[in-house]
>>> print(open('final17.cif').read())   # mmCIF, C-alpha atoms
data_coords
loop_
_atom_site.label_atom_id
_atom_site.label_comp_id
_atom_site.auth_asym_id
_atom_site.auth_seq_id
_atom_site.Cartn_x
_atom_site.Cartn_y
_atom_site.Cartn_z
CA MET I 5 -55.01 18.93 79.63
CA GLU I 6 -55.78 21.51 76.99
CA THR I 7 -55.69 20.41 73.37
CA LEU I 8 -53.29 22.40 71.25
CA LYS I 9 -54.45 23.70 67.89
CA ASP I 10 -52.50 23.52 64.67
CA ILE I 11 -50.79 26.48 63.04
CA SER I 12 -53.48 27.88 60.78
CA SER I 13 -53.10 31.66 60.43
CA LEU I 14 -50.65 34.52 60.17
CA GLU I 15 -51.37 35.25 63.84
CA ASP I 16 -50.24 31.72 64.71
CA ILE I 17 -47.05 32.21 62.70
CA LYS I 18 -46.36 35.49 64.49
CA GLN I 19 -46.87 33.76 67.85
CA MET I 20 -44.56 30.91 66.81
CA VAL I 21 -41.83 33.22 65.47
CA ASN I 22 -42.00 35.71 68.37
CA SER I 23 -41.88 33.05 71.07
CA PHE I 24 -39.13 31.10 69.28
CA TYR I 25 -36.87 34.13 68.89
CA ALA I 26 -37.60 35.24 72.47
CA ASN I 27 -36.23 31.86 73.55
CA VAL I 28 -33.28 32.12 71.14
CA ARG I 29 -32.32 35.53 72.53
CA LYS I 30 -32.12 34.09 76.06
CA ASP I 31 -30.11 31.03 75.07
CA ASP I 32 -26.49 30.93 76.29
CA LEU I 33 -25.12 29.26 73.14
CA ILE I 34 -26.92 30.87 70.21
CA GLY I 35 -28.42 33.97 71.82
CA PRO I 36 -25.17 36.00 71.71
CA ILE I 37 -24.67 35.19 68.00
CA PHE I 38 -28.18 36.34 67.06
CA ASN I 39 -28.05 39.40 69.32
CA ASP I 40 -24.64 40.42 67.98
CA LYS I 41 -25.70 39.97 64.35
CA LEU I 42 -29.15 41.60 64.61
CA GLN I 43 -28.51 44.15 67.38
CA ASP I 44 -31.34 46.69 67.01
CA ARG I 45 -32.73 45.11 63.81
CA TRP I 46 -34.85 42.44 65.49
CA GLU I 47 -38.17 43.90 64.29
CA PRO I 48 -37.30 43.76 60.56
CA HIS I 49 -35.91 40.24 61.09
CA LEU I 50 -39.13 39.09 62.75
CA GLN I 51 -41.22 40.64 59.94
CA LYS I 52 -39.08 38.77 57.39
CA MET I 53 -39.55 35.52 59.33
CA TYR I 54 -43.35 35.94 59.36
CA GLY I 55 -43.27 36.15 55.56
CA PHE I 56 -40.80 33.28 55.29
CA TRP I 57 -42.98 30.91 57.34
CA GLN I 58 -46.17 32.06 55.60
CA THR I 59 -44.56 31.20 52.27
CA ILE I 60 -43.30 27.80 53.51
CA LEU I 61 -46.40 26.66 55.40
CA PHE I 62 -49.31 28.31 53.57
CA ASP I 63 -47.87 28.71 50.06
CA VAL I 64 -48.50 32.45 50.29
CA ARG I 65 -45.85 34.45 48.45
CA ALA I 66 -44.99 36.63 51.42
CA TYR I 67 -41.21 36.13 51.30
CA SER I 68 -38.74 36.56 48.53
CA GLY I 69 -35.05 36.27 48.95
CA THR I 70 -32.29 33.79 49.55
CA PRO I 71 -32.08 32.78 53.19
CA PHE I 72 -28.62 31.20 53.10
CA PRO I 73 -26.21 34.09 52.34
CA PRO I 74 -26.82 36.06 55.58
CA HIS I 75 -25.94 32.91 57.56
CA LYS I 76 -22.82 31.94 55.61
CA GLN I 77 -20.30 33.95 57.64
CA LEU I 78 -21.79 33.36 61.09
CA PRO I 79 -19.48 31.75 63.67
CA VAL I 80 -21.62 28.61 63.91
CA ASP I 81 -21.29 24.87 63.53
CA LYS I 82 -23.48 21.78 63.88
CA THR I 83 -23.74 22.30 67.67
CA HIS I 84 -25.42 25.68 67.10
CA PHE I 85 -27.85 24.27 64.55
CA ASP I 86 -28.71 21.37 66.88
CA ARG I 87 -29.53 23.88 69.63
CA TRP I 88 -31.58 25.99 67.17
CA ILE I 89 -33.67 22.92 66.30
CA GLN I 90 -34.05 21.94 69.94
CA ILE I 91 -35.36 25.41 70.83
CA PHE I 92 -37.60 25.50 67.74
CA ASN I 93 -39.20 22.12 68.50
CA THR I 94 -39.62 22.79 72.22
CA THR I 95 -41.15 26.22 71.54
CA ILE I 96 -43.54 25.05 68.84
CA ASP I 97 -44.59 21.85 70.69
CA ALA I 98 -45.59 23.92 73.72
CA GLN I 99 -48.06 25.93 71.62
CA PHE I 100 -49.25 23.92 68.63
CA ALA I 101 -50.00 20.39 67.44
CA GLY I 102 -51.11 19.04 64.09
CA PRO I 103 -49.99 18.38 60.52
CA ILE I 104 -48.88 21.96 59.77
CA THR I 105 -46.97 22.07 63.06
CA GLU I 106 -45.19 18.85 62.08
CA GLU I 107 -44.48 20.31 58.63
CA ALA I 108 -42.91 23.39 60.27
CA LYS I 109 -40.67 21.19 62.44
CA MET I 110 -39.64 19.08 59.44
CA ARG I 111 -38.89 22.17 57.33
CA ALA I 112 -36.88 23.75 60.17
CA ALA I 113 -34.84 20.56 60.64
CA ASN I 114 -34.17 20.33 56.89
CA MET I 115 -33.06 23.98 56.77
CA ALA I 116 -30.77 23.59 59.77
CA TYR I 117 -29.22 20.47 58.24
CA MET I 118 -28.75 22.14 54.85
CA PHE I 119 -27.34 25.38 56.32
CA SER I 120 -24.96 23.47 58.57
CA HIS I 121 -23.64 21.39 55.67
CA LYS I 122 -23.38 24.34 53.28
CA ILE I 123 -21.45 26.40 55.85
CA GLU I 124 -19.06 23.48 56.40
CA TYR I 125 -18.67 23.07 52.65
CA PHE I 126 -17.82 26.74 52.10
CA ARG I 127 -15.41 26.79 55.05
CA ASN I 128 -13.62 23.69 53.78
CA ALA I 129 -13.43 25.13 50.25
CA GLU I 130 -12.01 28.42 51.58
CA ASN I 131 -9.45 26.55 53.70
CA GLU I 132 -8.40 24.44 50.71
CA LEU I 133 -7.97 27.59 48.60
CA ARG I 134 -5.88 29.20 51.33
CA ASN I 135 -3.76 26.07 51.73
CA ALA I 136 -3.31 25.68 47.95
CA SER I 137 -2.09 29.25 47.65
CA GLY I 138 0.39 28.79 50.48
CA LYS I 139 -1.36 31.19 52.88
CA SER I 140 -2.44 30.14 56.34
#
>>> encode(input="final17.cif", output="structure tokens")
Amino acid sequence: METLKDISSLEDIKQMVNSFYANVRKDDLIGPIFNDKLQDRWEPHLQKMYGFWQTILFDVRAYSGTPFPPHKQLPVDKTHFDRWIQIFNTTIDAQFAGPITEEAKMRAANMAYMFSHKIEYFRNAENELRNASGKS
């Protein structure tokens, strides 16, 4: 069995991101959401993700921005984030192994958990506002 190497370069990040999103696009549950949201803007999204993961894993300032707002209005819940994590871990484990790989999986799980909870929080707050004002 071949030994997998750890994520150690921008090329590795590109491989990780490209293969992950290729799997996302084919997924029955989350694929349609991503494809509908990104449509023909996949390339800029992938470029942004390369910078995001470079910043997170290598402490290279390749990404600036706030990742949560674009996700806030997506029609997703915990089930979607669980699938996202499942695809992320399966994809990354098939290609890489090591401390940076484990860091990537931990960071992805933390982000999914945080995004899921923040989306629920905002939805609940919006529903409470609607209910308080007598609108349904």
>>> closest_residue(input="final17.cif", among="I:Phe62, I:Tyr54, I:Trp46, I:Phe85", to="Ala26 (chain I)", atoms="all atoms listed in the file")
I:Trp46
>>> residues_around(input="final17.cif", residues="Lys82 (chain I)", least_positions_apart="3", cutoff="10 Å", atoms="all atoms listed in the file", output="JSON, numbers by chain")
{"I": [85, 86, 87, 88, 116, 117, 119, 120, 121, 123, 124]}
>>> write_last_selection(input="final17.cif", atoms="C-alpha atoms", output="PDB file, in the coordinates of the input")
ATOM      1  CA  PHE I  85     -27.850  24.270  64.550  1.00  0.00           C
ATOM      2  CA  ASP I  86     -28.710  21.370  66.880  1.00  0.00           C
ATOM      3  CA  ARG I  87     -29.530  23.880  69.630  1.00  0.00           C
ATOM      4  CA  TRP I  88     -31.580  25.990  67.170  1.00  0.00           C
ATOM      5  CA  ALA I 116     -30.770  23.590  59.770  1.00  0.00           C
ATOM      6  CA  TYR I 117     -29.220  20.470  58.240  1.00  0.00           C
ATOM      7  CA  PHE I 119     -27.340  25.380  56.320  1.00  0.00           C
ATOM      8  CA  SER I 120     -24.960  23.470  58.570  1.00  0.00           C
ATOM      9  CA  HIS I 121     -23.640  21.390  55.670  1.00  0.00           C
ATOM     10  CA  ILE I 123     -21.450  26.400  55.850  1.00  0.00           C
ATOM     11  CA  GLU I 124     -19.060  23.480  56.400  1.00  0.00           C
TER      12      GLU I 124
END
>>> resolve_selection(input="final17.cif", expression="the PyMOL selection byres ((chain I and resi 107) around 12)", output="list of chain:residue names")
I:Asp10, I:Ile11, I:Ser12, I:Trp57, I:Ile60, I:Leu61, I:Phe62, I:Asn93, I:Ile96, I:Phe100, I:Ala101, I:Gly102, I:Pro103, I:Ile104, I:Thr105, I:Glu106, I:Ala108, I:Lys109, I:Met110, I:Arg111, I:Ala112, I:Ala113, I:Asn114
>>> atom_distance(input="final17.cif", atom1="CA of Lys41 (chain I)", atom2="CA of Ile91 (chain I)")
18.6 Å
>>> atom_distance(input="final17.cif", atom1="CA of Tyr125 (chain I)", atom2="CA of Leu33 (chain I)")
22.4 Å
>>> residues_around(input="final17.cif", residues="Val64 (chain I)", least_positions_apart="6", cutoff="12 Å", atoms="all atoms listed in the file", output="list in words")
Ser13, Leu14, Tyr54, Gly55, Phe56, Trp57 and Gln58 of chain I
>>> build_atoms(input="final17.cif", residues="region 81-101 of chain I", atoms="N, CA, C and O atoms", output="PDB file, keeping the file's coordinate frame")
ATOM      1  N   ASP I  81     -21.554  26.216  64.017  1.00  0.00           N
ATOM      2  CA  ASP I  81     -21.290  24.870  63.530  1.00  0.00           C
ATOM      3  C   ASP I  81     -22.503  23.995  63.865  1.00  0.00           C
ATOM      4  O   ASP I  81     -23.544  24.503  64.283  1.00  0.00           O
ATOM      5  N   LYS I  82     -22.359  22.704  63.695  1.00  0.00           N
ATOM      6  CA  LYS I  82     -23.480  21.780  63.880  1.00  0.00           C
ATOM      7  C   LYS I  82     -24.087  21.911  65.291  1.00  0.00           C
ATOM      8  O   LYS I  82     -25.300  21.816  65.455  1.00  0.00           O
ATOM      9  N   THR I  83     -23.258  22.146  66.287  1.00  0.00           N
ATOM     10  CA  THR I  83     -23.740  22.300  67.670  1.00  0.00           C
ATOM     11  C   THR I  83     -24.770  23.421  67.761  1.00  0.00           C
ATOM     12  O   THR I  83     -25.795  23.284  68.441  1.00  0.00           O
ATOM     13  N   HIS I  84     -24.505  24.531  67.079  1.00  0.00           N
ATOM     14  CA  HIS I  84     -25.420  25.680  67.100  1.00  0.00           C
ATOM     15  C   HIS I  84     -26.732  25.340  66.397  1.00  0.00           C
ATOM     16  O   HIS I  84     -27.806  25.715  66.871  1.00  0.00           O
ATOM     17  N   PHE I  85     -26.632  24.648  65.268  1.00  0.00           N
ATOM     18  CA  PHE I  85     -27.850  24.270  64.550  1.00  0.00           C
ATOM     19  C   PHE I  85     -28.668  23.255  65.338  1.00  0.00           C
ATOM     20  O   PHE I  85     -29.901  23.307  65.345  1.00  0.00           O
ATOM     21  N   ASP I  86     -27.997  22.336  66.032  1.00  0.00           N
ATOM     22  CA  ASP I  86     -28.710  21.370  66.880  1.00  0.00           C
ATOM     23  C   ASP I  86     -29.481  22.106  67.983  1.00  0.00           C
ATOM     24  O   ASP I  86     -30.627  21.757  68.284  1.00  0.00           O
ATOM     25  N   ARG I  87     -28.860  23.120  68.575  1.00  0.00           N
ATOM     26  CA  ARG I  87     -29.530  23.880  69.630  1.00  0.00           C
ATOM     27  C   ARG I  87     -30.711  24.656  69.039  1.00  0.00           C
ATOM     28  O   ARG I  87     -31.780  24.735  69.635  1.00  0.00           O
ATOM     29  N   TRP I  88     -30.515  25.247  67.853  1.00  0.00           N
ATOM     30  CA  TRP I  88     -31.580  25.990  67.170  1.00  0.00           C
ATOM     31  C   TRP I  88     -32.800  25.093  66.987  1.00  0.00           C
ATOM     32  O   TRP I  88     -33.920  25.502  67.289  1.00  0.00           O
ATOM     33  N   ILE I  89     -32.574  23.874  66.513  1.00  0.00           N
ATOM     34  CA  ILE I  89     -33.670  22.920  66.300  1.00  0.00           C
ATOM     35  C   ILE I  89     -34.321  22.535  67.623  1.00  0.00           C
ATOM     36  O   ILE I  89     -35.545  22.441  67.720  1.00  0.00           O
ATOM     37  N   GLN I  90     -33.512  22.310  68.634  1.00  0.00           N
ATOM     38  CA  GLN I  90     -34.050  21.940  69.940  1.00  0.00           C
ATOM     39  C   GLN I  90     -34.978  23.048  70.461  1.00  0.00           C
ATOM     40  O   GLN I  90     -36.089  22.769  70.922  1.00  0.00           O
ATOM     41  N   ILE I  91     -34.535  24.287  70.367  1.00  0.00           N
ATOM     42  CA  ILE I  91     -35.360  25.410  70.830  1.00  0.00           C
ATOM     43  C   ILE I  91     -36.605  25.540  69.959  1.00  0.00           C
ATOM     44  O   ILE I  91     -37.712  25.756  70.472  1.00  0.00           O
ATOM     45  N   PHE I  92     -36.448  25.394  68.650  1.00  0.00           N
ATOM     46  CA  PHE I  92     -37.600  25.500  67.740  1.00  0.00           C
ATOM     47  C   PHE I  92     -38.656  24.454  68.104  1.00  0.00           C
ATOM     48  O   PHE I  92     -39.828  24.779  68.296  1.00  0.00           O
ATOM     49  N   ASN I  93     -38.235  23.195  68.223  1.00  0.00           N
ATOM     50  CA  ASN I  93     -39.200  22.120  68.500  1.00  0.00           C
ATOM     51  C   ASN I  93     -39.852  22.272  69.869  1.00  0.00           C
ATOM     52  O   ASN I  93     -41.063  22.087  69.998  1.00  0.00           O
ATOM     53  N   THR I  94     -39.073  22.614  70.866  1.00  0.00           N
ATOM     54  CA  THR I  94     -39.620  22.790  72.220  1.00  0.00           C
ATOM     55  C   THR I  94     -40.627  23.940  72.236  1.00  0.00           C
ATOM     56  O   THR I  94     -41.711  23.817  72.820  1.00  0.00           O
ATOM     57  N   THR I  95     -40.279  25.043  71.587  1.00  0.00           N
ATOM     58  CA  THR I  95     -41.150  26.220  71.540  1.00  0.00           C
ATOM     59  C   THR I  95     -42.453  25.914  70.822  1.00  0.00           C
ATOM     60  O   THR I  95     -43.542  26.223  71.305  1.00  0.00           O
ATOM     61  N   ILE I  96     -42.351  25.297  69.660  1.00  0.00           N
ATOM     62  CA  ILE I  96     -43.540  25.050  68.840  1.00  0.00           C
ATOM     63  C   ILE I  96     -44.427  23.966  69.489  1.00  0.00           C
ATOM     64  O   ILE I  96     -45.648  24.078  69.474  1.00  0.00           O
ATOM     65  N   ASP I  97     -43.813  22.927  70.066  1.00  0.00           N
ATOM     66  CA  ASP I  97     -44.590  21.850  70.690  1.00  0.00           C
ATOM     67  C   ASP I  97     -45.371  22.330  71.907  1.00  0.00           C
ATOM     68  O   ASP I  97     -46.385  21.739  72.266  1.00  0.00           O
ATOM     69  N   ALA I  98     -44.890  23.378  72.544  1.00  0.00           N
ATOM     70  CA  ALA I  98     -45.590  23.920  73.720  1.00  0.00           C
ATOM     71  C   ALA I  98     -46.844  24.693  73.324  1.00  0.00           C
ATOM     72  O   ALA I  98     -47.707  24.947  74.169  1.00  0.00           O
ATOM     73  N   GLN I  99     -46.965  25.055  72.056  1.00  0.00           N
ATOM     74  CA  GLN I  99     -48.060  25.930  71.620  1.00  0.00           C
ATOM     75  C   GLN I  99     -49.000  25.323  70.595  1.00  0.00           C
ATOM     76  O   GLN I  99     -50.159  25.713  70.521  1.00  0.00           O
ATOM     77  N   PHE I 100     -48.485  24.412  69.770  1.00  0.00           N
ATOM     78  CA  PHE I 100     -49.250  23.920  68.630  1.00  0.00           C
ATOM     79  C   PHE I 100     -49.100  22.408  68.476  1.00  0.00           C
ATOM     80  O   PHE I 100     -48.113  21.836  68.921  1.00  0.00           O
ATOM     81  N   ALA I 101     -50.076  21.809  67.800  1.00  0.00           N
ATOM     82  CA  ALA I 101     -50.000  20.390  67.440  1.00  0.00           C
ATOM     83  C   ALA I 101     -50.854  20.168  66.205  1.00  0.00           C
ATOM     84  O   ALA I 101     -51.938  20.745  66.086  1.00  0.00           O
TER      85      ALA I 101
END
